[in-house]
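Dumped upload.cif below, it's mmCIF, C-alpha atoms:
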```cif
data_run
#
loop_
_atom_site.label_atom_id
_atom_site.label_comp_id
_atom_site.auth_asym_id
_atom_site.auth_seq_id
_atom_site.Cartn_x
_atom_site.Cartn_y
_atom_site.Cartn_z
CA MET A 330 95.66 230.11 186.17
CA ALA A 331 97.36 231.33 183.00
CA PRO A 332 100.67 229.73 181.97
CA SER A 333 103.71 231.82 182.80
CA THR A 334 105.71 233.30 179.97
CA PRO A 335 109.38 234.16 180.16
CA ALA A 336 110.38 237.79 179.65
CA GLN A 337 112.06 236.83 176.37
CA PRO A 338 110.72 233.53 175.06
CA GLU A 339 113.38 231.25 173.62
CA LEU A 340 112.70 229.49 170.35
CA PRO A 341 113.23 225.74 170.34
CA VAL A 342 116.29 224.43 168.48
CA ASP A 343 117.08 221.08 166.89
CA ALA A 344 118.20 218.49 169.43
CA ASP A 345 121.66 217.75 168.04
CA SER A 346 124.70 216.81 170.14
CA THR A 347 125.80 220.44 170.56
CA SER A 348 122.43 221.70 171.80
CA LEU A 349 121.98 218.65 174.03
CA ARG A 350 125.39 219.25 175.60
CA ALA A 351 124.40 222.88 176.25
CA ILE A 352 121.15 221.81 177.95
CA LEU A 353 122.87 219.16 180.07
CA ARG A 354 125.25 221.80 181.47
CA HIS A 355 122.22 223.08 183.44
CA GLN A 356 121.87 219.76 185.26
CA ALA A 357 123.92 219.40 188.45
CA SER A 358 125.47 215.95 188.73
CA THR A 359 127.27 214.13 191.52
CA VAL A 360 130.94 213.61 190.69
CA THR A 361 132.19 210.05 191.00
CA VAL A 362 135.38 208.21 190.15
CA VAL A 363 135.02 204.66 188.86
CA THR A 364 138.00 202.32 189.25
CA ALA A 365 138.69 198.84 187.91
CA PRO A 366 141.52 196.38 188.53
CA GLY A 367 144.12 195.80 185.85
CA THR A 368 147.79 196.07 185.03
CA PRO A 369 147.79 198.98 185.40
CA PRO A 370 144.50 199.70 187.18
CA VAL A 371 142.15 202.17 185.49
CA GLY A 372 139.90 204.91 186.73
CA PHE A 373 137.89 207.80 185.34
CA THR A 374 135.70 210.65 186.49
CA ALA A 375 132.00 210.14 185.78
CA THR A 376 128.92 212.28 186.36
CA SER A 377 126.53 209.64 185.00
CA PHE A 378 126.27 207.48 188.15
CA THR A 379 122.71 206.66 189.21
CA SER A 380 120.63 204.15 191.11
CA VAL A 381 118.65 201.88 188.79
CA SER A 382 116.92 199.50 191.21
CA LEU A 383 116.73 198.85 194.94
CA GLU A 384 115.34 195.28 194.63
CA PRO A 385 117.74 193.95 193.55
CA PRO A 386 120.21 196.75 194.18
CA ILE A 387 121.59 197.88 190.79
CA VAL A 388 123.49 201.06 189.89
CA SER A 389 124.76 202.33 186.57
CA PHE A 390 127.34 204.62 185.03
CA CYS A 391 128.26 205.45 181.45
CA LEU A 392 131.63 205.40 179.74
CA ASN A 393 132.70 206.55 176.29
CA LEU A 394 133.77 203.60 174.15
CA ALA A 395 136.83 205.59 173.00
CA SER A 396 138.00 206.07 176.60
CA SER A 397 141.35 204.58 177.54
CA SER A 398 139.57 202.95 180.51
CA TRP A 399 136.95 201.16 178.41
CA PRO A 400 139.02 198.09 177.38
CA THR A 401 139.67 197.24 181.04
CA VAL A 402 136.14 198.08 182.23
CA SER A 403 134.70 196.02 179.36
CA ARG A 404 136.41 192.92 180.84
CA SER A 405 136.19 193.67 184.57
CA ARG A 406 133.99 191.55 186.79
CA HIS A 407 134.14 194.16 189.57
CA VAL A 408 134.43 197.96 189.75
CA ALA A 409 134.31 200.53 192.51
CA VAL A 410 132.29 203.73 192.37
CA HIS A 411 133.59 206.53 194.61
CA LEU A 412 131.37 209.51 195.49
CA LEU A 413 133.70 212.48 195.84
CA ALA A 414 133.45 215.01 198.65
CA HIS A 415 133.17 218.75 198.05
CA GLY A 416 136.90 219.31 198.68
CA GLN A 417 138.08 216.73 196.12
CA ARG A 418 138.14 218.84 192.95
CA GLU A 419 141.78 217.96 192.24
CA LEU A 420 141.06 214.24 192.52
CA ALA A 421 138.19 214.66 190.05
CA ARG A 422 140.48 216.57 187.67
CA THR A 423 143.20 213.92 187.95
CA PHE A 424 140.82 211.13 186.96
CA ALA A 425 139.37 213.28 184.17
CA THR A 426 142.80 213.98 182.63
CA SER A 427 144.07 211.77 179.81
CA GLY A 428 147.65 210.61 179.57
CA VAL A 429 148.57 210.82 183.27
CA ASP A 430 149.13 208.15 185.91
CA ARG A 431 145.93 208.69 187.85
CA PHE A 432 147.09 206.39 190.66
CA ALA A 433 150.40 208.17 191.28
CA GLY A 434 150.81 210.65 194.14
CA PRO A 435 149.10 212.65 195.41
CA THR A 436 146.26 210.13 194.79
CA GLN A 437 145.92 207.90 197.84
CA TRP A 438 144.45 204.47 197.30
CA ARG A 439 144.74 200.82 198.24
CA PRO A 440 143.87 197.52 196.61
CA GLY A 441 140.42 196.52 197.83
CA PRO A 442 138.35 193.37 197.53
CA GLN A 443 138.66 191.62 194.16
CA GLY A 444 141.80 193.73 193.57
CA VAL A 445 139.68 196.82 192.79
CA PRO A 446 141.43 200.11 193.65
CA ILE A 447 139.70 201.91 196.55
CA LEU A 448 140.36 205.64 196.85
CA ASP A 449 141.02 207.09 200.31
CA GLY A 450 139.11 209.99 201.82
CA VAL A 451 136.03 209.86 199.60
CA LEU A 452 132.48 210.55 200.80
CA ALA A 453 131.43 206.97 199.98
CA TRP A 454 132.43 203.99 197.86
CA LEU A 455 130.61 200.98 196.49
CA LEU A 456 132.32 197.78 195.36
CA CYS A 457 130.12 196.42 192.59
CA ARG A 458 129.86 193.26 190.52
CA VAL A 459 129.23 194.09 186.86
CA VAL A 460 126.02 192.43 185.70
CA ASP A 461 125.66 193.85 182.18
CA ARG A 462 127.06 196.30 179.66
CA LEU A 463 124.89 197.90 176.99
CA THR A 464 126.32 199.77 174.01
CA VAL A 465 124.25 202.84 173.16
CA GLY A 466 125.68 205.21 170.57
CA ASP A 467 129.25 206.13 171.47
CA HIS A 468 128.92 205.03 175.11
CA ALA A 469 128.47 201.89 177.19
CA ILE A 470 126.00 201.78 180.04
CA VAL A 471 127.45 199.60 182.77
CA LEU A 472 124.98 197.99 185.18
CA ALA A 473 126.45 196.77 188.44
CA GLU A 474 125.27 195.24 191.70
CA PRO A 475 126.77 196.74 194.87
CA GLU A 476 128.33 194.04 197.08
CA LEU A 477 130.11 196.17 199.68
CA LEU A 478 129.87 199.84 200.55
CA ARG A 479 131.25 202.37 202.95
CA HIS A 480 130.26 205.97 203.61
CA ALA A 481 131.36 208.85 205.79
CA ASP A 482 128.87 210.39 208.18
CA VAL A 483 130.12 213.89 207.42
CA GLY A 484 130.70 215.97 204.32
CA THR A 485 128.83 217.05 201.24
CA PRO A 486 129.18 215.82 197.66
CA LEU A 487 131.21 217.35 194.88
CA LEU A 488 128.89 218.42 192.06
CA TYR A 489 129.49 219.26 188.40
CA HIS A 490 127.41 222.10 186.99
CA ARG A 491 127.83 224.38 183.97
CA GLY A 492 131.29 223.08 183.17
CA GLY A 493 132.73 223.47 186.67
CA TYR A 494 132.83 221.91 190.09
CA ALA A 495 130.47 223.11 192.80
CA GLY A 496 129.26 222.05 196.22
CA LEU A 497 126.35 222.27 198.58
CA ASP A 498 126.05 224.27 201.76
CA PRO A 499 126.52 222.03 204.79
CA PRO A 500 123.23 220.48 205.93
CA VAL A 501 121.27 222.34 208.61
CA ASP A 502 120.94 220.49 211.91
CA ARG A 503 117.21 219.78 211.88
CA ALA A 504 117.23 218.43 215.44
CA GLY A 505 117.26 221.95 216.88
CA VAL A 506 114.61 223.32 214.51
CA ALA A 507 111.13 223.66 216.07
#
```
What would the structure in this file look like if it were written as structure tokens?
Amino acid sequence: MAPSTPAQPELPVDADSTSLRAILRHQASTVTVVTAPGTPPVGFTATSFTSVSLEPPIVSFCLNLASSSWPTVSRSRHVAVHLLAHGQRELARTFATSGVDRFAGPTQWRPGPQGVPILDGVLAWLLCRVVDRLTVGDHAIVLAEPELLRHADVGTPLLYHRGGYAGLDPPVDRAGVA
């Protein structure tokens, strides 16, 4: 079988930060909000959340070292990762906006275990104990072990793709499919 060729082949370009950013816009990512306790508490929107290991359970997310949330996260023993539902675009925008009180109305939240802010109405949340932080370039990779979690049995995730928020079609009920 001969390799396929695109109608107009693209020439490769140098992998600098601008071209990498352009490529990464093609990757759909789950939108999460990470919160940490503090006075005041902090939180930020992240699309870098991923599972690292199941045995032991370890997850990760990345945070820019210049972020206003980094000083608190760099000292926090616990954080919460919230997976946003498709209808939570405004919540994602709130936690992605600098210079605003992200925990003021209309954001609904409560203090959770270890004093970590837990957002209401999300698809799922994980309370995690931070086990390590690695500085790589202008970001920190935070590794954390989930200790408690909660998830809804309904809903689809909010995604980030090509510079905007998107969602998935509701899942098809496979029970009735022959």
Practice problem: Go ahead and compute the interatomic distance for atom CA of A:Asp482 and atom CA of A:Val459, in Å to one decimal. | Solution: 26.8 Å
Self-check item: Shell around stretch 409-414 of chain A at 10 Å using all atoms listed in the file, local window under 5 positions removed, as a PyMOL selection string
Solution: chain A and resi 359-366+372-376+378+388-390+420-421+441-442+445-459+473+475-481+483-488+496
Can you turn the PyMOL selection byres ((chain A and resi 398) around 9) into a concrete residue list for this file, as a compact mmCIF listing (two decimals) with C-alpha atoms, in the frame of the given file?
```txt
# COMPACT_ATOMS: atom_id res chain seq x y z
CA THR A 364 138.00 202.32 189.25
CA ALA A 365 138.69 198.84 187.91
CA PRO A 370 144.50 199.70 187.18
CA VAL A 371 142.15 202.17 185.49
CA GLY A 372 139.90 204.91 186.73
CA PHE A 373 137.89 207.80 185.34
CA LEU A 392 131.63 205.40 179.74
CA ASN A 393 132.70 206.55 176.29
CA LEU A 394 133.77 203.60 174.15
CA ALA A 395 136.83 205.59 173.00
CA SER A 396 138.00 206.07 176.60
CA SER A 397 141.35 204.58 177.54
CA TRP A 399 136.95 201.16 178.41
CA PRO A 400 139.02 198.09 177.38
CA THR A 401 139.67 197.24 181.04
CA VAL A 402 136.14 198.08 182.23
CA SER A 403 134.70 196.02 179.36
```
Quiz prompt | Pick from A:Thr426, A:Pro386, A:Asp461, A:Leu497 nearest to A:Arg404, counting all atoms listed in the file | solution =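 For A:Arg404, the nearest of the given residues is A:Asp461.
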Practice problem: Could you check how far atom CA of A:Val465 sits from atom CA of A:Glu384, in Å to one decimal? | Solution: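 The value is 24.4 Å.
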Quiz item: Suppose you want the space between atom CA of A:Gly492 and atom CA of A:Val381; what is it in Å?
Solution: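 Going from atom CA of A:Gly492 over to atom CA of A:Val381, I get 25.3 Å.
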Practice problem: Select, from A:Ala433, A:Ala495, A:Leu472, A:Leu353, the residue with the minimum atom-to-atom distance to A:Ser380, counting only C-alpha atoms. | Solution: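 Using only C-alpha atoms, the shortest distance to A:Ser380 belongs to A:Leu472.
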Quiz item: Around (137.6, 189.8, 186.9) in the file's frame, which residues reach within 9 Å when counting all atoms listed in the file? Return as a ChimeraX atom specification?
Solution: /A:366-367,404-407,443-444
Quiz item: For A:Pro440, which residue out of A:Gly428, A:Pro341, A:Pro385, A:Pro369 is the nearest one, using all atoms listed in the file?
Solution: A:Pro369
Self-check item: Selected residue of minimal separation from A:Thr368 among A:Thr423, A:Leu383, A:Phe432, A:Arg350, counting only C-alpha atoms
Solution: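 The answer is A:Phe432, which sits nearest to A:Thr368.
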Exercise. Have a look at A:Ser382, A:Asp345, A:Ala469, A:Gln417 and name the one nearest to A:Gln437; count only C-alpha atoms.
Key: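 Of A:Ser382, A:Asp345, A:Ala469, A:Gln417, the one nearest A:Gln437, counting only C-alpha atoms, is A:Gln417.
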